[in-house]
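Student: model_28.csv is the file, holding CSV, C-alpha atoms (C1' of nucleotides):
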```
chain,number,residue,atom,x,y,z
J,1,MET,CA,-5.5,27.6,-6.0
J,2,SER,CA,-5.7,25.2,-3.0
J,3,GLU,CA,-5.1,21.5,-3.1
J,4,PRO,CA,-8.2,19.5,-2.5
J,5,GLY,CA,-8.0,17.9,1.0
J,6,PRO,CA,-7.6,14.1,1.3
J,7,ARG,CA,-10.9,12.3,0.6
J,8,TRP,CA,-11.0,10.5,4.0
J,9,LEU,CA,-13.1,7.3,4.4
J,10,SER,CA,-16.6,7.5,5.9
J,11,ALA,CA,-17.4,5.2,8.8
J,12,ASP,CA,-19.1,2.7,6.5
J,13,GLU,CA,-16.2,2.8,4.1
J,14,ARG,CA,-13.8,2.3,6.9
J,15,ALA,CA,-15.7,-0.8,8.1
J,16,ALA,CA,-15.7,-2.2,4.6
J,17,TRP,CA,-12.0,-1.4,4.2
J,18,LEU,CA,-10.9,-3.1,7.4
J,19,ALA,CA,-12.9,-6.2,6.5
J,20,LEU,CA,-11.4,-6.3,3.0
J,21,LEU,CA,-7.9,-5.7,4.2
J,22,SER,CA,-8.0,-8.3,6.9
J,23,THR,CA,-9.6,-10.8,4.5
J,24,THR,CA,-6.9,-10.3,1.9
J,25,THR,CA,-4.3,-10.7,4.6
J,26,LEU,CA,-5.7,-13.9,6.2
J,27,LEU,CA,-7.5,-15.8,3.5
J,28,PRO,CA,-4.5,-17.0,1.5
J,29,GLY,CA,-2.8,-18.4,4.5
J,30,ALA,CA,-5.9,-20.1,5.7
J,31,LEU,CA,-6.5,-21.7,2.3
J,32,GLU,CA,-2.9,-22.8,2.0
J,33,ALA,CA,-2.5,-24.6,5.2
J,34,PRO,CA,-4.5,-27.7,4.1
J,35,LEU,CA,-2.7,-27.9,0.8
J,36,GLN,CA,0.7,-27.6,2.5
J,37,GLN,CA,-0.3,-30.3,4.9
J,38,ALA,CA,-1.7,-32.6,2.3
J,39,ALA,CA,0.8,-32.2,-0.5
J,40,LYS,CA,3.5,-29.6,0.3
J,41,LEU,CA,2.0,-27.2,-2.2
J,42,SER,CA,1.4,-23.5,-1.8
J,43,LEU,CA,-1.9,-22.0,-2.8
J,44,PHE,CA,-0.2,-20.6,-5.8
J,45,ASP,CA,1.5,-23.9,-6.7
J,46,TYR,CA,-2.0,-25.6,-6.6
J,47,ASN,CA,-3.5,-22.9,-8.7
J,48,VAL,CA,-0.8,-23.3,-11.4
J,49,LEU,CA,-1.5,-27.0,-11.5
J,50,ALA,CA,-5.3,-26.5,-11.4
J,51,MET,CA,-5.2,-24.1,-14.4
J,52,LEU,CA,-3.1,-26.5,-16.4
J,53,SER,CA,-5.4,-29.4,-15.6
J,54,GLU,CA,-8.4,-27.4,-16.7
J,55,ALA,CA,-6.8,-26.5,-20.0
J,56,PRO,CA,-8.1,-28.8,-22.8
J,57,THR,CA,-4.6,-30.0,-23.7
J,58,GLY,CA,-3.1,-29.8,-20.2
J,59,ALA,CA,-0.6,-27.3,-21.5
J,60,LEU,CA,-0.4,-23.5,-21.6
J,61,PRO,CA,2.3,-20.9,-22.5
J,62,MET,CA,3.9,-19.2,-19.5
J,63,SER,CA,2.3,-15.9,-20.3
J,64,GLU,CA,-1.2,-17.3,-20.5
J,65,LEU,CA,-0.6,-19.3,-17.3
J,66,ALA,CA,0.7,-16.1,-15.6
J,67,ALA,CA,-2.4,-14.3,-16.7
J,68,ARG,CA,-4.7,-17.0,-15.3
J,69,THR,CA,-2.9,-17.1,-12.0
J,70,SER,CA,-2.5,-13.3,-11.6
J,71,ALA,CA,1.2,-13.8,-11.4
J,72,SER,CA,4.3,-12.1,-12.8
J,73,LEU,CA,6.2,-14.1,-15.4
J,74,SER,CA,9.2,-14.0,-13.1
J,75,ARG,CA,7.2,-15.6,-10.2
J,76,LEU,CA,5.8,-18.2,-12.4
J,77,SER,CA,9.1,-19.0,-13.9
J,78,HIS,CA,10.6,-19.8,-10.5
J,79,VAL,CA,7.6,-21.9,-9.5
J,80,ALA,CA,7.5,-23.8,-12.8
J,81,LYS,CA,11.2,-24.7,-12.3
J,82,LYS,CA,10.3,-26.0,-8.8
J,83,LEU,CA,7.3,-28.0,-10.0
J,84,GLN,CA,9.3,-29.4,-12.9
J,85,ALA,CA,12.0,-30.6,-10.4
J,86,ARG,CA,9.2,-32.4,-8.6
J,87,GLY,CA,8.0,-34.0,-11.8
J,88,LEU,CA,4.6,-32.3,-11.7
J,89,VAL,CA,5.0,-30.3,-14.9
J,90,LYS,CA,7.3,-30.3,-17.9
J,91,ARG,CA,8.4,-27.4,-20.1
J,92,ALA,CA,9.2,-27.3,-23.8
J,93,ILE,CA,9.9,-24.6,-26.4
J,94,HIS,CA,6.9,-24.1,-28.6
J,95,ALA,CA,7.2,-25.3,-32.2
J,96,ASP,CA,5.6,-22.2,-33.9
J,97,ASP,CA,7.4,-19.6,-31.8
J,98,ALA,CA,10.6,-20.4,-30.1
J,99,ARG,CA,10.2,-17.6,-27.6
J,100,VAL,CA,7.2,-19.3,-26.1
J,101,THR,CA,7.6,-21.9,-23.4
J,102,SER,CA,4.8,-24.4,-23.3
J,103,THR,CA,4.2,-25.8,-19.8
J,104,THR,CA,2.5,-29.1,-19.6
J,105,ILE,CA,1.1,-30.9,-16.5
J,106,THR,CA,2.4,-34.4,-16.2
J,107,GLY,CA,0.5,-37.6,-15.3
J,108,GLU,CA,2.0,-37.3,-11.9
J,109,GLY,CA,0.8,-33.7,-11.7
J,110,LEU,CA,-2.7,-34.7,-12.8
J,111,ALA,CA,-2.8,-37.4,-10.2
J,112,LEU,CA,-1.8,-35.1,-7.5
J,113,VAL,CA,-4.4,-32.5,-8.5
J,114,GLY,CA,-7.0,-35.2,-8.6
J,115,LYS,CA,-6.0,-36.3,-5.1
J,116,ILE,CA,-6.0,-32.9,-3.4
J,117,ALA,CA,-8.7,-31.0,-5.4
J,118,PRO,CA,-11.4,-32.4,-3.0
J,119,VAL,CA,-9.3,-31.3,0.0
J,120,HIS,CA,-9.0,-27.8,-1.5
J,121,VAL,CA,-12.6,-27.5,-2.5
J,122,GLU,CA,-13.6,-28.6,0.9
J,123,SER,CA,-11.5,-25.8,2.6
J,124,VAL,CA,-12.8,-23.2,0.1
J,125,ARG,CA,-16.4,-24.3,1.0
J,126,LYS,CA,-15.6,-24.3,4.7
J,127,LEU,CA,-13.9,-20.9,4.7
J,128,VAL,CA,-16.0,-19.1,2.1
J,129,PHE,CA,-19.2,-20.6,0.6
J,130,ASP,CA,-20.6,-22.4,3.6
J,131,ARG,CA,-20.8,-18.9,5.3
J,132,LEU,CA,-22.4,-17.2,2.3
J,133,ASP,CA,-25.9,-17.4,1.0
J,134,GLU,CA,-26.9,-17.0,-2.7
J,135,ARG,CA,-27.2,-13.3,-2.5
J,136,ASP,CA,-23.7,-13.0,-0.9
J,137,VAL,CA,-22.2,-15.1,-3.7
J,138,ALA,CA,-23.7,-12.9,-6.4
J,139,ASP,CA,-22.6,-9.7,-4.5
J,140,LEU,CA,-19.1,-11.1,-4.0
J,141,ALA,CA,-18.7,-11.9,-7.7
J,142,ARG,CA,-20.0,-8.4,-8.7
J,143,ILE,CA,-17.8,-6.5,-6.3
J,144,GLY,CA,-14.7,-8.7,-7.0
J,145,ARG,CA,-15.1,-8.1,-10.7
J,146,LYS,CA,-15.5,-4.3,-10.1
J,147,LEU,CA,-12.3,-4.3,-8.1
J,148,MET,CA,-10.4,-6.4,-10.7
J,149,ARG,CA,-11.5,-3.9,-13.4
J,150,GLY,CA,-9.7,-1.2,-11.5
J,151,MET,CA,-6.5,-3.1,-11.2
J,152,ASP,CA,-6.3,-4.9,-14.5
J,153,ALA,CA,-9.1,-4.1,-17.0
J,154,ASN,CA,-7.9,-6.9,-19.3
J,155,HIS,CA,-7.6,-9.6,-16.6
J,156,TRP,CA,-8.4,-13.1,-17.5
J,157,ILE,CA,-11.5,-13.5,-15.2
J,158,LEU,CA,-13.1,-10.5,-17.0
J,159,ARG,CA,-13.0,-12.3,-20.3
J,160,THR,CA,-15.9,-14.4,-19.0
J,161,PRO,CA,-19.1,-12.3,-18.9
J,162,ALA,CA,-20.8,-11.8,-15.5
J,163,PRO,CA,-23.4,-14.5,-14.8
T,1,MET,CA,-9.5,-32.4,-18.0
T,2,SER,CA,-10.8,-31.7,-14.5
T,3,GLU,CA,-11.8,-34.4,-12.1
T,4,PRO,CA,-15.2,-34.0,-10.5
T,5,GLY,CA,-14.8,-33.8,-6.7
T,6,PRO,CA,-17.2,-33.9,-3.8
T,7,ARG,CA,-19.2,-30.7,-3.2
T,8,TRP,CA,-17.7,-29.1,-6.3
T,9,LEU,CA,-18.4,-25.4,-6.9
T,10,SER,CA,-21.4,-24.2,-9.0
T,11,ALA,CA,-20.8,-21.9,-11.9
T,12,ASP,CA,-21.8,-18.9,-9.8
T,13,GLU,CA,-19.6,-19.9,-7.0
T,14,ARG,CA,-16.7,-20.5,-9.3
T,15,ALA,CA,-17.1,-17.0,-10.7
T,16,ALA,CA,-17.2,-15.5,-7.2
T,17,TRP,CA,-14.2,-17.6,-6.2
T,18,LEU,CA,-12.1,-16.6,-9.1
T,19,ALA,CA,-12.9,-12.9,-8.5
T,20,LEU,CA,-12.1,-13.3,-4.8
T,21,LEU,CA,-8.8,-15.2,-5.4
T,22,SER,CA,-7.5,-12.8,-8.0
T,23,THR,CA,-8.5,-9.8,-5.8
T,24,THR,CA,-6.7,-11.1,-2.8
T,25,THR,CA,-3.7,-11.8,-5.1
T,26,LEU,CA,-3.5,-8.4,-6.8
T,27,LEU,CA,-4.9,-5.9,-4.4
T,28,PRO,CA,-2.1,-5.8,-1.8
T,29,GLY,CA,0.6,-5.2,-4.4
T,30,ALA,CA,-1.5,-2.5,-6.1
T,31,LEU,CA,-2.0,-0.7,-2.8
T,32,GLU,CA,1.6,-1.1,-1.8
T,33,ALA,CA,3.2,0.4,-4.9
T,34,PRO,CA,2.4,4.1,-4.0
T,35,LEU,CA,3.5,3.6,-0.4
T,36,GLN,CA,6.8,2.0,-1.6
T,37,GLN,CA,7.3,4.9,-4.0
T,38,ALA,CA,6.4,7.6,-1.6
T,39,ALA,CA,8.1,6.4,1.6
T,40,LYS,CA,9.7,3.0,1.1
T,41,LEU,CA,7.0,1.4,3.2
T,42,SER,CA,5.2,-1.9,2.6
T,43,LEU,CA,1.5,-2.0,3.0
T,44,PHE,CA,2.0,-3.9,6.3
T,45,ASP,CA,4.6,-1.3,7.5
T,46,TYR,CA,2.1,1.4,6.9
T,47,ASN,CA,-0.7,-0.4,8.7
T,48,VAL,CA,1.5,-0.9,11.7
T,49,LEU,CA,2.3,2.8,11.9
T,50,ALA,CA,-1.4,3.7,11.1
T,51,MET,CA,-2.7,1.5,13.9
T,52,LEU,CA,-0.2,3.0,16.4
T,53,SER,CA,-1.0,6.5,15.3
T,54,GLU,CA,-4.7,5.8,15.9
T,55,ALA,CA,-4.1,4.5,19.4
T,56,PRO,CA,-4.9,7.2,22.0
T,57,THR,CA,-1.4,7.0,23.5
T,58,GLY,CA,0.4,6.2,20.3
T,59,ALA,CA,1.5,2.9,21.9
T,60,LEU,CA,0.3,-0.7,21.9
T,61,PRO,CA,1.6,-4.0,23.1
T,62,MET,CA,2.9,-6.3,20.4
T,63,SER,CA,0.0,-8.7,20.8
T,64,GLU,CA,-2.6,-6.1,20.4
T,65,LEU,CA,-0.8,-4.6,17.4
T,66,ALA,CA,-0.5,-8.0,15.9
T,67,ALA,CA,-4.2,-8.5,16.3
T,68,ARG,CA,-5.1,-5.2,14.7
T,69,THR,CA,-2.8,-5.9,11.7
T,70,SER,CA,-3.8,-9.5,11.3
T,71,ALA,CA,-0.2,-10.5,11.7
T,72,SER,CA,1.7,-13.2,13.6
T,73,LEU,CA,3.8,-12.0,16.5
T,74,SER,CA,6.9,-13.2,14.7
T,75,ARG,CA,6.2,-11.2,11.6
T,76,LEU,CA,5.4,-8.1,13.7
T,77,SER,CA,8.6,-8.6,15.7
T,78,HIS,CA,10.7,-8.6,12.6
T,79,VAL,CA,9.0,-5.5,11.2
T,80,ALA,CA,9.1,-3.6,14.5
T,81,LYS,CA,12.8,-4.2,14.6
T,82,LYS,CA,13.1,-2.7,11.1
T,83,LEU,CA,10.9,0.3,11.9
T,84,GLN,CA,12.8,0.9,15.1
T,85,ALA,CA,16.1,1.0,13.1
T,86,ARG,CA,14.5,3.6,10.9
T,87,GLY,CA,13.5,5.6,14.0
T,88,LEU,CA,9.7,5.4,13.3
T,89,VAL,CA,8.8,3.4,16.4
T,90,LYS,CA,10.5,2.6,19.7
T,91,ARG,CA,10.0,-0.4,22.0
T,92,ALA,CA,10.1,-0.6,25.7
T,93,ILE,CA,9.3,-3.3,28.3
T,94,HIS,CA,6.0,-2.7,29.9
T,95,ALA,CA,6.2,-1.5,33.6
T,96,ASP,CA,3.3,-3.7,34.9
T,97,ASP,CA,4.2,-6.9,33.0
T,98,ALA,CA,7.8,-7.5,31.9
T,99,ARG,CA,6.7,-10.0,29.3
T,100,VAL,CA,4.9,-7.2,27.4
T,101,THR,CA,6.7,-5.0,24.8
T,102,SER,CA,5.1,-1.7,24.4
T,103,THR,CA,5.6,-0.3,20.9
T,104,THR,CA,5.3,3.5,20.5
T,105,ILE,CA,5.2,5.5,17.4
T,106,THR,CA,7.9,8.3,17.4
T,107,GLY,CA,7.4,11.9,16.3
T,108,GLU,CA,9.2,11.0,13.1
T,109,GLY,CA,6.8,8.1,12.6
T,110,LEU,CA,3.8,10.3,13.2
T,111,ALA,CA,5.2,12.9,10.7
T,112,LEU,CA,5.7,10.2,8.1
T,113,VAL,CA,2.1,8.8,8.6
T,114,GLY,CA,0.7,12.3,8.4
T,115,LYS,CA,2.6,12.9,5.1
T,116,ILE,CA,1.6,9.7,3.4
T,117,ALA,CA,-1.8,9.0,4.8
T,118,PRO,CA,-3.4,11.2,2.0
T,119,VAL,CA,-1.4,9.3,-0.6
T,120,HIS,CA,-2.7,6.0,0.8
T,121,VAL,CA,-6.3,7.1,1.1
T,122,GLU,CA,-6.2,8.3,-2.4
T,123,SER,CA,-5.1,4.9,-3.7
T,124,VAL,CA,-7.6,3.1,-1.6
T,125,ARG,CA,-10.3,5.3,-3.1
T,126,LYS,CA,-9.0,4.9,-6.7
T,127,LEU,CA,-8.7,1.1,-6.4
T,128,VAL,CA,-11.7,0.4,-4.3
T,129,PHE,CA,-14.3,3.0,-3.3
T,130,ASP,CA,-14.4,5.0,-6.4
T,131,ARG,CA,-15.6,1.9,-8.2
T,132,LEU,CA,-18.2,0.9,-5.6
T,133,ASP,CA,-21.6,2.4,-4.9
T,134,GLU,CA,-23.2,2.6,-1.4
T,135,ARG,CA,-24.8,-0.8,-1.8
T,136,ASP,CA,-21.5,-2.3,-2.8
T,137,VAL,CA,-19.8,-0.9,0.2
T,138,ALA,CA,-22.5,-2.3,2.6
T,139,ASP,CA,-22.3,-5.7,0.8
T,140,LEU,CA,-18.5,-5.7,1.0
T,141,ALA,CA,-18.5,-5.0,4.7
T,142,ARG,CA,-21.1,-7.7,5.3
T,143,ILE,CA,-19.4,-10.4,3.3
T,144,GLY,CA,-15.9,-9.5,4.5
T,145,ARG,CA,-17.1,-9.8,8.1
T,146,LYS,CA,-18.7,-13.1,7.4
T,147,LEU,CA,-15.5,-14.4,6.0
T,148,MET,CA,-13.5,-13.1,8.9
T,149,ARG,CA,-15.8,-14.9,11.3
T,150,GLY,CA,-14.8,-18.1,9.6
T,151,MET,CA,-11.1,-17.5,9.9
T,152,ASP,CA,-10.9,-15.9,13.3
T,153,ALA,CA,-14.1,-15.5,15.2
T,154,ASN,CA,-12.4,-13.3,17.8
T,155,HIS,CA,-10.7,-11.0,15.3
T,156,TRP,CA,-10.3,-7.3,16.1
T,157,ILE,CA,-12.5,-6.0,13.4
T,158,LEU,CA,-15.4,-8.1,14.7
T,159,ARG,CA,-15.2,-6.3,18.1
T,160,THR,CA,-16.9,-3.4,16.4
T,161,PRO,CA,-20.6,-4.1,15.7
T,162,ALA,CA,-21.7,-4.0,12.1
T,163,PRO,CA,-23.0,-0.6,10.9
X,1,DT,C1',18.6,-6.8,-46.3
X,2,DG,C1',19.9,-4.8,-42.0
X,3,DC,C1',19.1,-2.9,-37.6
X,4,DA,C1',16.1,-1.5,-33.9
X,5,DT,C1',12.3,-2.7,-31.2
X,6,DT,C1',9.1,-5.7,-29.0
X,7,DT,C1',7.8,-9.9,-27.0
X,8,DA,C1',8.7,-14.1,-24.0
X,9,DG,C1',10.9,-15.9,-20.6
X,10,DT,C1',14.9,-16.8,-17.3
X,11,DT,C1',18.1,-15.7,-13.7
X,12,DG,C1',20.4,-14.0,-9.4
X,13,DA,C1',20.2,-11.0,-5.5
X,14,DC,C1',17.7,-9.0,-2.0
X,15,DG,C1',14.0,-8.3,1.4
X,16,DT,C1',10.1,-10.4,3.8
X,17,DG,C1',7.1,-14.1,5.9
X,18,DT,C1',6.9,-18.4,8.1
X,19,DC,C1',8.1,-22.0,11.1
X,20,DA,C1',10.6,-24.1,14.8
X,21,DA,C1',13.1,-23.2,18.7
X,22,DG,C1',14.4,-20.5,22.4
X,23,DT,C1',14.0,-17.0,26.4
X,24,DA,C1',12.0,-14.9,30.2
X,25,DA,C1',8.3,-13.5,33.1
X,26,DA,C1',3.8,-14.4,35.1
X,27,DA,C1',0.1,-17.5,36.7
X,28,DA,C1',-1.6,-21.9,38.2
X,29,DG,C1',-1.3,-26.0,40.7
X,30,DC,C1',-0.1,-28.5,44.8
M,1,DG,C1',7.2,-21.9,48.3
M,2,DC,C1',8.4,-24.7,44.5
M,3,DT,C1',7.4,-26.6,40.2
M,4,DT,C1',4.8,-26.7,35.9
M,5,DT,C1',2.4,-24.4,32.5
M,6,DT,C1',1.1,-20.5,30.0
M,7,DT,C1',1.9,-16.1,28.0
M,8,DA,C1',4.5,-12.8,25.3
M,9,DC,C1',7.6,-12.2,22.7
M,10,DT,C1',12.5,-12.8,19.9
M,11,DT,C1',15.6,-15.0,16.9
M,12,DG,C1',17.7,-17.6,12.9
M,13,DA,C1',17.1,-20.5,9.0
M,14,DC,C1',14.8,-21.3,5.0
M,15,DA,C1',11.4,-20.5,1.2
M,16,DC,C1',9.2,-17.3,-1.7
M,17,DG,C1',8.1,-12.9,-4.4
M,18,DT,C1',10.0,-8.9,-6.6
M,19,DC,C1',13.0,-6.3,-9.1
M,20,DA,C1',16.6,-5.4,-12.4
M,21,DA,C1',19.4,-7.3,-15.7
M,22,DC,C1',19.9,-10.5,-19.2
M,23,DT,C1',19.1,-13.8,-23.4
M,24,DA,C1',17.0,-14.9,-27.4
M,25,DA,C1',13.5,-15.0,-30.9
M,26,DA,C1',10.2,-12.5,-33.7
M,27,DT,C1',8.6,-8.3,-35.8
M,28,DG,C1',8.8,-3.5,-37.8
M,29,DC,C1',10.4,-0.6,-40.9
M,30,DA,C1',13.4,1.8,-44.0
```
So, in terms of structure tokens, how does the structure I just supplied come out?

Tutor:
Amino acid sequence: MSEPGPRWLSADERAAWLALLSTTTLLPGALEAPLQQAAKLSLFDYNVLAMLSEAPTGALPMSELAARTSASLSRLSHVAKKLQARGLVKRAIHADDARVTSTTITGEGLALVGKIAPVHVESVRKLVFDRLDERDVADLARIGRKLMRGMDANHWILRTPAP
Amino acid sequence: MSEPGPRWLSADERAAWLALLSTTTLLPGALEAPLQQAAKLSLFDYNVLAMLSEAPTGALPMSELAARTSASLSRLSHVAKKLQARGLVKRAIHADDARVTSTTITGEGLALVGKIAPVHVESVRKLVFDRLDERDVADLARIGRKLMRGMDANHWILRTPAP
DNA sequence: TGCATTTAGTTGACGTGTCAAGTAAAAAGC
DNA sequence: GCTTTTTACTTGACACGTCAACTAAATGCA
């Protein structure tokens, strides 16, 4: 019985792979720079605040917030502590289940998101959507969701059906 | 609770954006786990060694290596120091230009890459290419290259013409 | 009821990435 | 030929992400 040899990448796959790898390497930093400059927020910080601001009550349990930001609970906990120190969120033990921490965006936090959301959307447009046509956008969503399925079949973004 | 901003994303764009953001967040960690387990190497470490091993002479200047790994010179310098301490690369001042540091992969480094390359290719396949059909691969390369053009028009991967 | 297990989150230590500052060599300007 | 600028890195400090260990509440189950 011989081991099957490594399934090396074809030339086309390699091209796609290099493009994907360099994109995942550079895109986060490129998106973060304007946020850092405008409000001393990391991309992840912004995302946490954005997810809270989009929640109907402005509050979410840590686990749910972690799911929506693709973060570990540990990472989120450190960041929530930092954001709380800046007065952008507050945390409280949930009434029905004392294990749950409910994180709420404050008025100050909402004001900050409101102020920098246009800045952020503008850089997302500039770096991503201004370069893509309608077909690209559909392809990107399709491929991105396929990849997510492989990494986390129950991920939050897959709860929403494909457009 | 979200504030409308200028040039806001459409529903389709938002779906693509969430898929892209979560992919860039989760993919690097997912690819790194097997490397970490097999050889205590980060994804970036591996990439540095892989790029050197693919160079005809097994050596590249720091700047070129930084370009091919999408890294800052600073980041690469720290990592090269670490890899040198592990005996996987060596560094030497270039003969023709004393400003240039030529980084060379050692025999030990080559042996390690040879050993774990199959492991890495397998996880790239499992996480990415096994989930994508031919059309997806072509779309991914096209979109990835478009995004790279926006972030760094002179990036290394764009030197190669599209397939 | 009592004890083990699971769930939810926090914490501290450690490694890594980033940024600002520094070094040294080469090229450009005059 | 002498100075200024640019290029090619290196370094140290700090911030962040991860991992392992921990706390505490809820649930399972016997």

Student: Determine which residues of chain M sit within 12 Å of chain T, taking into account only C-alpha atoms (C1' of nucleotides), and present them as a PyMOL selection string.

Tutor: chain M and resi 6-12+17-18

Student: Show me, as a PDB file with C-alpha atoms, in the frame of the given file, the residues that have an atom within 8 Å of Asp45 in chain T when counting all atoms listed in the file, minus same-chain residues fewer than 3 positions from it.

Tutor:
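Below you can see selection20.pdb, which holds the result:
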```pdb
ATOM      1  CA  LEU T  41       7.000   1.400   3.200  1.00  0.00           C
ATOM      2  CA  SER T  42       5.200  -1.900   2.600  1.00  0.00           C
ATOM      3  CA  VAL T  48       1.500  -0.900  11.700  1.00  0.00           C
ATOM      4  CA  LEU T  49       2.300   2.800  11.900  1.00  0.00           C
ATOM      5  CA  VAL T  79       9.000  -5.500  11.200  1.00  0.00           C
ATOM      6  CA  LEU T  83      10.900   0.300  11.900  1.00  0.00           C
TER       7      LEU T  83
END
```

Student: Show which residues sit within 6 Å of range 88-91 of chain J, as a PDB file with C-alpha atoms, in the frame of the given file. Count only C-alpha atoms (C1' of nucleotides), and ignore same-chain residues fewer than 3 positions away.

Tutor:
```
ATOM      1  CA  LEU J  83       7.300 -28.000 -10.000  1.00  0.00           C
ATOM      2  CA  GLN J  84       9.300 -29.400 -12.900  1.00  0.00           C
ATOM      3  CA  SER J 102       4.800 -24.400 -23.300  1.00  0.00           C
ATOM      4  CA  THR J 103       4.200 -25.800 -19.800  1.00  0.00           C
ATOM      5  CA  THR J 104       2.500 -29.100 -19.600  1.00  0.00           C
ATOM      6  CA  ILE J 105       1.100 -30.900 -16.500  1.00  0.00           C
ATOM      7  CA  THR J 106       2.400 -34.400 -16.200  1.00  0.00           C
ATOM      8  CA  GLU J 108       2.000 -37.300 -11.900  1.00  0.00           C
ATOM      9  CA  GLY J 109       0.800 -33.700 -11.700  1.00  0.00           C
TER      10      GLY J 109
END
```

Student: To one decimal place, how far is CA of Leu18 in chain J from CA of Thr69 in chain T in Å?

Tutor: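 If I compute the distance from CA of Leu18 in chain J to CA of Thr69 in chain T, I get 9.6 Å.
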
Student: Provide as a ChimeraX atom specification the residues of chain T at most 7 Å from chain J, counting all atoms listed in the file.

Tutor: /T:1-3,5-6,8,12-13,15-16,18-20,22-26,70,118,121-122,127-128,131,136-137,139-141,143-148,150-151,157,163

Student: State, in Å with one decimal place, the distance from C1' of DC19 in chain X to CA of Gly87 in chain T.

Tutor: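 Going from C1' of DC19 in chain X over to CA of Gly87 in chain T covers 28.3 Å.
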
Student: Quick check: residues of chain X within 8 Å of chain T, all atoms listed in the file, returned as a list in words.

Tutor: DG17, DA24, DA25 and DA26 of chain X

Student: What does the distance from CA of Asn154 in chain J to C1' of DT7 in chain X come to in Å, to one decimal?

Tutor: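 Going from CA of Asn154 in chain J over to C1' of DT7 in chain X covers 17.7 Å.
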
Student: Which residue gives the smallest distance to DA25 in chain M among J:Leu112, J:Gly107, J:His94, J:Glu32, with only C-alpha atoms (C1' of nucleotides) counted?

Tutor: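 Smallest distance to DA25 in chain M is found for J:His94.
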
Student: Provide range 20-31 of chain J rebuilt to N, CA, C and O atoms, formatted as a short mmCIF file (atom, residue, chain, number, x, y, z; two decimals), in the frame of the given file.

Tutor:
```cif
data_model
loop_
_atom_site.label_atom_id
_atom_site.label_comp_id
_atom_site.auth_asym_id
_atom_site.auth_seq_id
_atom_site.Cartn_x
_atom_site.Cartn_y
_atom_site.Cartn_z
N LEU J 20 -12.07 -5.84 4.25
CA LEU J 20 -11.40 -6.30 3.00
C LEU J 20 -9.91 -6.50 3.26
O LEU J 20 -9.34 -7.51 2.84
N LEU J 21 -9.29 -5.58 3.98
CA LEU J 21 -7.90 -5.70 4.20
C LEU J 21 -7.52 -6.93 5.05
O LEU J 21 -6.60 -7.67 4.73
N SER J 22 -8.29 -7.17 6.11
CA SER J 22 -8.00 -8.30 6.90
C SER J 22 -8.29 -9.63 6.18
O SER J 22 -7.58 -10.63 6.34
N THR J 23 -9.31 -9.60 5.34
CA THR J 23 -9.60 -10.80 4.50
C THR J 23 -8.47 -11.10 3.56
O THR J 23 -8.01 -12.25 3.48
N THR J 24 -8.01 -10.09 2.85
CA THR J 24 -6.90 -10.30 1.90
C THR J 24 -5.65 -10.77 2.63
O THR J 24 -4.82 -11.47 2.06
N THR J 25 -5.51 -10.34 3.87
CA THR J 25 -4.30 -10.70 4.60
C THR J 25 -4.39 -12.17 5.10
O THR J 25 -3.40 -12.90 5.02
N LEU J 26 -5.57 -12.59 5.58
CA LEU J 26 -5.70 -13.90 6.20
C LEU J 26 -6.12 -15.04 5.33
O LEU J 26 -5.77 -16.19 5.56
N LEU J 27 -6.94 -14.73 4.33
CA LEU J 27 -7.50 -15.80 3.50
C LEU J 27 -6.49 -16.69 2.82
O LEU J 27 -6.59 -17.93 2.89
N PRO J 28 -5.50 -16.11 2.14
CA PRO J 28 -4.50 -17.00 1.50
C PRO J 28 -3.85 -17.98 2.37
O PRO J 28 -3.77 -19.16 2.03
N GLY J 29 -3.42 -17.52 3.51
CA GLY J 29 -2.80 -18.40 4.50
C GLY J 29 -3.71 -19.53 4.94
O GLY J 29 -3.32 -20.69 5.06
N ALA J 30 -4.96 -19.16 5.19
CA ALA J 30 -5.90 -20.10 5.70
C ALA J 30 -6.22 -21.19 4.62
O ALA J 30 -6.42 -22.36 4.93
N LEU J 31 -6.23 -20.78 3.35
CA LEU J 31 -6.50 -21.70 2.30
C LEU J 31 -5.26 -22.60 1.98
O LEU J 31 -5.39 -23.71 1.46
#
```
